[in-house]
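To keep things clear, I will list the structure first and then write my remarks on it.
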Amino acid sequence: MKAFFLGICILVSGLDAFSQRNEEKVQRLRFCGYRYKDTALLRRQFEQQLAFLQVRDGDTIVDVGTSSGAYIGAINVIAGFKNVHFILLDIDSGCLNRSKVNNMIAHYEALRGSPFNNSISFVVNRIDSLWLPLNSQKRMWMFNTLHEIPDKAGIIRQMATVLQPGGELIIAELLATEKRKIHGGCKKPLVTGWN
């Protein structure tokens with residue numbers, strides 16, 4: 001009986017050590033973008049946005065300027081939708097690549113405590129081409145990216161040509177204020193209008 005109990009204690013302590021090593025490994029995964037570690041903070045940050053975005057089961061959503069897709073990972077932690085396909089687009093292959101996207105997914109699935117019920121693919125595009133077929137998408141998002149693009153009207157025209165008739169384009173951007181004119185992350189000027 002003592003040997004059996006000792007065996008269980010060793011097994012449990014071994015599993016605990018494995019769990020701690022796995023958590024440390026997940027926290028060190030490299031990807032570009034937000035690295036939230038607290039689901040309560042995620043809910044405070046993103047619940048209102050999710051309500052506005054109205055993501056539905058079966059949707060396909062293109063996220064333009066996504067980096068490693070961290071926004072998509074973050075909302076997947078707290079969202080209840082299933083079978084949504086996200087297409088991640090960015091011009092930076094140093095951030096948008098298989099390794100960093102997989103790391104982002106692993107980080108946010110670990111935070112969620114279960115695998116996502118949604119799929120993710122990605123396209124490394126160019127500033128002059130989204131590399132998506134014309135009239136092919138119903139929903140596109142661009143969050144916190146427009147200020148980085150020199151030809152703002154041009155990228156919006158490109159997105160409009162990719163959208164199907166009646167499609168939805170959501171652009172969210174921090175606007176410059178008297179006190180804050182430069183984006184804290186990329187150090188580029190914030191949008192003040194069509195500059």
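Each chain in the structure tokens gets a letter, A, B and so on, in the order shown; residues start at 1 in every chain, and ligands are counted from 1 in the order they appear.
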
Next on the checklist: I'd like the contact shell of Asp92 of chain A - 12 Å cut-off, only C-alpha atoms, skipping same-chain residues fewer than 2 positions apart - returned as a list in words.
Outcome noted: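 Once the nearby chain positions are removed, what remains is Cys32, Val64, Gly65, Thr66, Ser67, Ser68, Gly69, Leu88, Leu89, Asp90, Gly94, Cys95, Leu96, Asn97, Lys100, Phe122, Val123, Val124, Asn125, Arg126 and Ile127 of chain A.
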
Residues from the last selection, C-alpha atoms, saved as a short mmCIF file (atom, residue, chain, number, x, y, z; two decimals), in the first residue's frame:
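Dumped everything to result_37.cif:
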data_model
loop_
_atom_site.label_atom_id
_atom_site.label_comp_id
_atom_site.auth_asym_id
_atom_site.auth_seq_id
_atom_site.Cartn_x
_atom_site.Cartn_y
_atom_site.Cartn_z
CA CYS A 32 4.37 39.38 -32.70
CA VAL A 64 -5.47 42.85 -42.75
CA GLY A 65 -2.28 43.94 -41.00
CA THR A 66 -2.56 41.18 -38.43
CA SER A 67 1.12 40.71 -37.51
CA SER A 68 1.13 37.16 -36.03
CA GLY A 69 -2.65 37.16 -35.51
CA LEU A 88 -4.45 36.57 -41.57
CA LEU A 89 -2.75 39.09 -43.91
CA ASP A 90 0.44 41.03 -43.32
CA GLY A 94 9.11 38.01 -39.92
CA CYS A 95 5.85 38.14 -37.95
CA LEU A 96 3.43 36.31 -40.22
CA ASN A 97 4.98 32.89 -40.69
CA LYS A 100 5.01 32.49 -35.11
CA PHE A 122 -2.44 33.25 -43.61
CA VAL A 123 -1.24 35.18 -46.64
CA VAL A 124 1.95 37.23 -46.72
CA ASN A 125 0.93 40.05 -49.03
CA ARG A 126 2.61 43.14 -50.45
CA ILE A 127 1.77 46.77 -49.87
#

Would you return as a PDB file with N, CA and C atoms, in the first residue's frame the members of segment 20-133 of chain A that DSSP assigns to helix (DSSP H, G or I) on this structure's backbone?
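New file part_39.pdb:
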ATOM      1  N   GLN A  20       4.338  22.631 -15.112  1.00  0.00           N
ATOM      2  CA  GLN A  20       5.062  23.889 -14.919  1.00  0.00           C
ATOM      3  C   GLN A  20       6.012  24.154 -16.081  1.00  0.00           C
ATOM      4  N   ARG A  21       6.743  23.114 -16.537  1.00  0.00           N
ATOM      5  CA  ARG A  21       7.650  23.286 -17.680  1.00  0.00           C
ATOM      6  C   ARG A  21       6.870  23.668 -18.918  1.00  0.00           C
ATOM      7  N   ASN A  22       5.700  23.054 -19.110  1.00  0.00           N
ATOM      8  CA  ASN A  22       4.872  23.351 -20.281  1.00  0.00           C
ATOM      9  C   ASN A  22       4.372  24.793 -20.221  1.00  0.00           C
ATOM     10  N   GLU A  23       3.936  25.266 -19.029  1.00  0.00           N
ATOM     11  CA  GLU A  23       3.485  26.649 -18.892  1.00  0.00           C
ATOM     12  C   GLU A  23       4.620  27.622 -19.171  1.00  0.00           C
ATOM     13  N   GLU A  24       5.824  27.313 -18.663  1.00  0.00           N
ATOM     14  CA  GLU A  24       6.979  28.176 -18.923  1.00  0.00           C
ATOM     15  C   GLU A  24       7.286  28.225 -20.411  1.00  0.00           C
ATOM     16  N   LYS A  25       7.200  27.058 -21.059  1.00  0.00           N
ATOM     17  CA  LYS A  25       7.466  26.987 -22.496  1.00  0.00           C
ATOM     18  C   LYS A  25       6.450  27.821 -23.270  1.00  0.00           C
ATOM     19  N   VAL A  26       5.164  27.734 -22.910  1.00  0.00           N
ATOM     20  CA  VAL A  26       4.115  28.493 -23.588  1.00  0.00           C
ATOM     21  C   VAL A  26       4.344  29.989 -23.397  1.00  0.00           C
ATOM     22  N   GLN A  27       4.757  30.398 -22.187  1.00  0.00           N
ATOM     23  CA  GLN A  27       4.973  31.820 -21.933  1.00  0.00           C
ATOM     24  C   GLN A  27       6.156  32.354 -22.717  1.00  0.00           C
ATOM     25  N   THR A  39      -7.396  36.097 -18.583  1.00  0.00           N
ATOM     26  CA  THR A  39      -8.672  36.080 -19.312  1.00  0.00           C
ATOM     27  C   THR A  39      -9.625  37.168 -18.835  1.00  0.00           C
ATOM     28  N   ALA A  40      -9.541  37.546 -17.557  1.00  0.00           N
ATOM     29  CA  ALA A  40     -10.405  38.632 -17.071  1.00  0.00           C
ATOM     30  C   ALA A  40     -10.055  39.939 -17.778  1.00  0.00           C
ATOM     31  N   LEU A  41      -8.781  40.192 -17.971  1.00  0.00           N
ATOM     32  CA  LEU A  41      -8.351  41.386 -18.702  1.00  0.00           C
ATOM     33  C   LEU A  41      -8.793  41.309 -20.168  1.00  0.00           C
ATOM     34  N   LEU A  42      -8.680  40.133 -20.753  1.00  0.00           N
ATOM     35  CA  LEU A  42      -9.151  39.948 -22.142  1.00  0.00           C
ATOM     36  C   LEU A  42     -10.633  40.288 -22.257  1.00  0.00           C
ATOM     37  N   ARG A  43     -11.409  39.808 -21.321  1.00  0.00           N
ATOM     38  CA  ARG A  43     -12.849  40.100 -21.361  1.00  0.00           C
ATOM     39  C   ARG A  43     -13.101  41.604 -21.261  1.00  0.00           C
ATOM     40  N   ARG A  44     -12.419  42.256 -20.329  1.00  0.00           N
ATOM     41  CA  ARG A  44     -12.594  43.717 -20.203  1.00  0.00           C
ATOM     42  C   ARG A  44     -12.172  44.440 -21.477  1.00  0.00           C
ATOM     43  N   GLN A  45     -11.104  43.996 -22.093  1.00  0.00           N
ATOM     44  CA  GLN A  45     -10.583  44.665 -23.287  1.00  0.00           C
ATOM     45  C   GLN A  45     -11.438  44.420 -24.534  1.00  0.00           C
ATOM     46  N   PHE A  46     -11.979  43.204 -24.680  1.00  0.00           N
ATOM     47  CA  PHE A  46     -12.528  42.813 -25.972  1.00  0.00           C
ATOM     48  C   PHE A  46     -14.007  42.444 -26.016  1.00  0.00           C
ATOM     49  N   GLU A  47     -14.693  42.306 -24.884  1.00  0.00           N
ATOM     50  CA  GLU A  47     -16.099  41.890 -24.944  1.00  0.00           C
ATOM     51  C   GLU A  47     -16.969  42.856 -25.737  1.00  0.00           C
ATOM     52  N   GLN A  48     -16.804  44.162 -25.523  1.00  0.00           N
ATOM     53  CA  GLN A  48     -17.611  45.132 -26.275  1.00  0.00           C
ATOM     54  C   GLN A  48     -17.281  45.088 -27.766  1.00  0.00           C
ATOM     55  N   GLN A  49     -15.998  44.924 -28.094  1.00  0.00           N
ATOM     56  CA  GLN A  49     -15.618  44.809 -29.501  1.00  0.00           C
ATOM     57  C   GLN A  49     -16.266  43.581 -30.138  1.00  0.00           C
ATOM     58  N   LEU A  50     -16.233  42.460 -29.429  1.00  0.00           N
ATOM     59  CA  LEU A  50     -16.845  41.234 -29.960  1.00  0.00           C
ATOM     60  C   LEU A  50     -18.340  41.411 -30.191  1.00  0.00           C
ATOM     61  N   ALA A  51     -19.002  42.088 -29.276  1.00  0.00           N
ATOM     62  CA  ALA A  51     -20.440  42.338 -29.444  1.00  0.00           C
ATOM     63  C   ALA A  51     -20.682  43.176 -30.694  1.00  0.00           C
ATOM     64  N   PHE A  52     -19.844  44.179 -30.926  1.00  0.00           N
ATOM     65  CA  PHE A  52     -19.970  45.023 -32.111  1.00  0.00           C
ATOM     66  C   PHE A  52     -19.658  44.247 -33.390  1.00  0.00           C
ATOM     67  N   LEU A  53     -18.632  43.401 -33.363  1.00  0.00           N
ATOM     68  CA  LEU A  53     -18.190  42.683 -34.562  1.00  0.00           C
ATOM     69  C   LEU A  53     -19.190  41.624 -35.023  1.00  0.00           C
ATOM     70  N   ALA A  70      -2.316  37.940 -33.231  1.00  0.00           N
ATOM     71  CA  ALA A  70      -2.571  37.945 -31.788  1.00  0.00           C
ATOM     72  C   ALA A  70      -3.973  38.435 -31.432  1.00  0.00           C
ATOM     73  N   TYR A  71      -4.518  39.389 -32.194  1.00  0.00           N
ATOM     74  CA  TYR A  71      -5.885  39.850 -31.922  1.00  0.00           C
ATOM     75  C   TYR A  71      -6.868  38.694 -32.105  1.00  0.00           C
ATOM     76  N   ILE A  72      -6.682  37.942 -33.180  1.00  0.00           N
ATOM     77  CA  ILE A  72      -7.553  36.788 -33.444  1.00  0.00           C
ATOM     78  C   ILE A  72      -7.396  35.759 -32.331  1.00  0.00           C
ATOM     79  N   GLY A  73      -6.172  35.499 -31.902  1.00  0.00           N
ATOM     80  CA  GLY A  73      -5.951  34.572 -30.792  1.00  0.00           C
ATOM     81  C   GLY A  73      -6.634  35.036 -29.526  1.00  0.00           C
ATOM     82  N   ALA A  74      -6.487  36.320 -29.225  1.00  0.00           N
ATOM     83  CA  ALA A  74      -7.068  36.868 -27.995  1.00  0.00           C
ATOM     84  C   ALA A  74      -8.590  36.734 -27.982  1.00  0.00           C
ATOM     85  N   ILE A  75      -9.254  37.072 -29.085  1.00  0.00           N
ATOM     86  CA  ILE A  75     -10.718  36.985 -29.077  1.00  0.00           C
ATOM     87  C   ILE A  75     -11.201  35.545 -29.075  1.00  0.00           C
ATOM     88  N   ASN A  76     -10.391  34.621 -29.621  1.00  0.00           N
ATOM     89  CA  ASN A  76     -10.768  33.209 -29.582  1.00  0.00           C
ATOM     90  C   ASN A  76     -10.777  32.660 -28.162  1.00  0.00           C
ATOM     91  N   VAL A  77     -10.025  33.272 -27.261  1.00  0.00           N
ATOM     92  CA  VAL A  77      -9.998  32.822 -25.871  1.00  0.00           C
ATOM     93  C   VAL A  77     -11.357  33.030 -25.214  1.00  0.00           C
ATOM     94  N   ILE A  78     -12.021  34.136 -25.509  1.00  0.00           N
ATOM     95  CA  ILE A  78     -13.249  34.493 -24.790  1.00  0.00           C
ATOM     96  C   ILE A  78     -14.517  34.348 -25.623  1.00  0.00           C
ATOM     97  N   ARG A  98       4.621  30.529 -40.385  1.00  0.00           N
ATOM     98  CA  ARG A  98       4.032  29.336 -39.753  1.00  0.00           C
ATOM     99  C   ARG A  98       4.461  29.209 -38.288  1.00  0.00           C
ATOM    100  N   SER A  99       5.717  29.398 -37.995  1.00  0.00           N
ATOM    101  CA  SER A  99       6.214  29.222 -36.636  1.00  0.00           C
ATOM    102  C   SER A  99       5.563  30.214 -35.671  1.00  0.00           C
ATOM    103  N   LYS A 100       5.546  31.487 -36.025  1.00  0.00           N
ATOM    104  CA  LYS A 100       5.008  32.492 -35.106  1.00  0.00           C
ATOM    105  C   LYS A 100       3.485  32.397 -34.984  1.00  0.00           C
ATOM    106  N   VAL A 101       2.800  32.053 -36.059  1.00  0.00           N
ATOM    107  CA  VAL A 101       1.348  31.864 -35.971  1.00  0.00           C
ATOM    108  C   VAL A 101       1.044  30.656 -35.079  1.00  0.00           C
ATOM    109  N   ASN A 102       1.783  29.568 -35.251  1.00  0.00           N
ATOM    110  CA  ASN A 102       1.581  28.397 -34.389  1.00  0.00           C
ATOM    111  C   ASN A 102       1.876  28.720 -32.935  1.00  0.00           C
ATOM    112  N   ASN A 103       2.924  29.515 -32.680  1.00  0.00           N
ATOM    113  CA  ASN A 103       3.235  29.927 -31.307  1.00  0.00           C
ATOM    114  C   ASN A 103       2.106  30.762 -30.716  1.00  0.00           C
ATOM    115  N   MET A 104       1.561  31.678 -31.526  1.00  0.00           N
ATOM    116  CA  MET A 104       0.446  32.507 -31.062  1.00  0.00           C
ATOM    117  C   MET A 104      -0.752  31.629 -30.711  1.00  0.00           C
ATOM    118  N   ILE A 105      -1.068  30.680 -31.587  1.00  0.00           N
ATOM    119  CA  ILE A 105      -2.199  29.781 -31.333  1.00  0.00           C
ATOM    120  C   ILE A 105      -1.951  28.976 -30.054  1.00  0.00           C
ATOM    121  N   ALA A 106      -0.745  28.427 -29.898  1.00  0.00           N
ATOM    122  CA  ALA A 106      -0.424  27.637 -28.699  1.00  0.00           C
ATOM    123  C   ALA A 106      -0.560  28.486 -27.434  1.00  0.00           C
ATOM    124  N   HIS A 107      -0.086  29.735 -27.480  1.00  0.00           N
ATOM    125  CA  HIS A 107      -0.185  30.620 -26.313  1.00  0.00           C
ATOM    126  C   HIS A 107      -1.651  30.841 -25.924  1.00  0.00           C
ATOM    127  N   TYR A 108      -2.481  31.194 -26.908  1.00  0.00           N
ATOM    128  CA  TYR A 108      -3.864  31.529 -26.580  1.00  0.00           C
ATOM    129  C   TYR A 108      -4.732  30.295 -26.329  1.00  0.00           C
ATOM    130  N   GLU A 109      -4.413  29.158 -26.934  1.00  0.00           N
ATOM    131  CA  GLU A 109      -5.133  27.932 -26.582  1.00  0.00           C
ATOM    132  C   GLU A 109      -4.789  27.513 -25.147  1.00  0.00           C
ATOM    133  N   ALA A 110      -3.536  27.696 -24.737  1.00  0.00           N
ATOM    134  CA  ALA A 110      -3.145  27.384 -23.354  1.00  0.00           C
ATOM    135  C   ALA A 110      -3.873  28.314 -22.384  1.00  0.00           C
ATOM    136  N   LEU A 111      -3.996  29.585 -22.740  1.00  0.00           N
ATOM    137  CA  LEU A 111      -4.724  30.529 -21.885  1.00  0.00           C
ATOM    138  C   LEU A 111      -6.199  30.142 -21.803  1.00  0.00           C
ATOM    139  N   ARG A 112      -6.755  29.725 -22.914  1.00  0.00           N
ATOM    140  CA  ARG A 112      -8.157  29.302 -22.943  1.00  0.00           C
ATOM    141  C   ARG A 112      -8.360  27.992 -22.191  1.00  0.00           C
TER     142      ARG A 112
END

Next on the checklist: Applying 8 Å and only C-alpha atoms, which residues near Leu169 of chain A remain after dropping the ones on its own chain fewer than 3 positions away? List them as a list in words.
Outcome noted: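 Residues near the query, excluding close chain neighbours: Arg139, Met140, Trp141, Met142, Met159, Ala160 and Leu163 of chain A.
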
Written selection (all heavy atoms) as a CSV table (one decimal), in the first residue's frame:
chain,number,residue,atom,x,y,z
A,139,ARG,N,-16.2,39.5,-45.3
A,139,ARG,CA,-15.9,40.3,-44.1
A,139,ARG,C,-14.4,40.6,-44.1
A,139,ARG,O,-13.6,39.6,-44.2
A,139,ARG,CB,-16.4,39.6,-42.9
A,139,ARG,CG,-17.9,39.4,-42.9
A,139,ARG,CD,-18.4,38.8,-41.6
A,139,ARG,NE,-18.4,39.9,-40.6
A,139,ARG,CZ,-18.6,39.8,-39.3
A,139,ARG,NH1,-18.8,38.6,-38.8
A,139,ARG,NH2,-18.7,40.8,-38.5
A,140,MET,N,-14.0,41.8,-43.8
A,140,MET,CA,-12.6,42.2,-43.7
A,140,MET,C,-12.5,43.2,-42.5
A,140,MET,O,-13.3,44.0,-42.3
A,140,MET,CB,-12.1,42.8,-45.0
A,140,MET,CG,-12.1,41.9,-46.2
A,140,MET,SD,-11.3,42.7,-47.6
A,140,MET,CE,-9.6,42.4,-47.2
A,141,TRP,N,-11.4,43.0,-41.8
A,141,TRP,CA,-11.1,43.9,-40.7
A,141,TRP,C,-9.7,44.4,-40.9
A,141,TRP,O,-8.8,43.8,-41.4
A,141,TRP,CB,-11.0,43.1,-39.3
A,141,TRP,CG,-12.3,42.5,-38.9
A,141,TRP,CD1,-13.6,42.7,-39.4
A,141,TRP,CD2,-12.4,41.5,-37.9
A,141,TRP,NE1,-14.5,42.0,-38.7
A,141,TRP,CE2,-13.8,41.2,-37.8
A,141,TRP,CE3,-11.5,40.9,-37.1
A,141,TRP,CZ2,-14.3,40.3,-36.8
A,141,TRP,CZ3,-12.0,39.9,-36.1
A,141,TRP,CH2,-13.4,39.6,-36.0
A,142,MET,N,-9.5,45.7,-40.4
A,142,MET,CA,-8.1,46.3,-40.3
A,142,MET,C,-8.1,47.0,-39.0
A,142,MET,O,-8.7,48.1,-38.9
A,142,MET,CB,-7.8,47.2,-41.5
A,142,MET,CG,-6.5,47.8,-41.4
A,142,MET,SD,-6.1,49.1,-42.6
A,142,MET,CE,-5.5,48.0,-43.9
A,159,MET,N,-9.0,46.7,-50.6
A,159,MET,CA,-9.9,45.9,-49.8
A,159,MET,C,-11.3,45.9,-50.4
A,159,MET,O,-12.0,44.9,-50.4
A,159,MET,CB,-9.9,46.4,-48.3
A,159,MET,CG,-8.6,46.1,-47.6
A,159,MET,SD,-8.6,46.5,-45.9
A,159,MET,CE,-8.6,48.3,-45.9
A,160,ALA,N,-11.8,47.0,-50.9
A,160,ALA,CA,-13.1,47.1,-51.5
A,160,ALA,C,-13.2,46.2,-52.7
A,160,ALA,O,-14.3,45.6,-53.0
A,160,ALA,CB,-13.4,48.6,-51.9
A,163,LEU,N,-13.7,42.6,-51.5
A,163,LEU,CA,-15.0,42.3,-50.9
A,163,LEU,C,-16.1,42.0,-51.9
A,163,LEU,O,-16.1,42.5,-53.0
A,163,LEU,CB,-15.5,43.6,-50.1
A,163,LEU,CG,-14.9,43.8,-48.7
A,163,LEU,CD1,-15.3,45.1,-48.2
A,163,LEU,CD2,-15.3,42.7,-47.8

Next on the checklist: As an exercise, work out the distance from atom CA of Ala79 of chain A to atom CA of Arg28 of chain A in Å and give it to one decimal place.
Outcome noted: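 A separation of 24.2 Å between them.
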
Item to check | Interatomic distance, atom CA of Glu168 of chain A to atom CA of Leu190 of chain A (Å, one decimal) | outcome: 23.8 Å

Checklist entry - Taking only C-alpha atoms into account, which of A:Ala153, A:Ile170, A:Ile120, A:Val162 comes nearest Pro133 of chain A? => result A:Val162

Item to check | d(atom CA of Ile87 of chain A, atom CA of Gly154 of chain A) in Å | outcome: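 Between atom CA of Ile87 of chain A and atom CA of Gly154 of chain A the gap works out to 20.5 Å.
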
Checklist entry - DSSP on the backbone: what in segment 60-187 of chain A comes out strand (DSSP E), as a ChimeraX atom specification? => result /A:60-64,85-90,119-124,137-143,163-172

Next on the checklist: Can you pull out the residues contacting Arg56 of chain A? Cut-off 9 Å, using only C-alpha atoms, and skip same-chain residues under 5 positions away; I want them as a PyMOL selection string.
Outcome noted: chain A and resi 81-84

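Shortest separation to Phe86 of chain A among A:Ile182, A:Val62, A:Leu132, A:Leu146 occurs at residue A:Val62, atoms counted being only C-alpha atoms.
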
Checklist entry - Do you know which residues are at most 12 Å from Pro150 of chain A counting only C-alpha atoms, after dropping those on the same chain fewer than 2 positions away, and could you put them as JSON, numbers by chain? => result {"A": [127, 128, 145, 146, 147, 148, 152, 153, 154, 155, 156, 188, 189, 190, 191, 194, 195]}

Checklist entry - Which one of A:Thr161, A:Thr192, A:Arg30, A:Val55 sits closest to Leu175 of chain A if you count only C-alpha atoms? => result A:Thr192
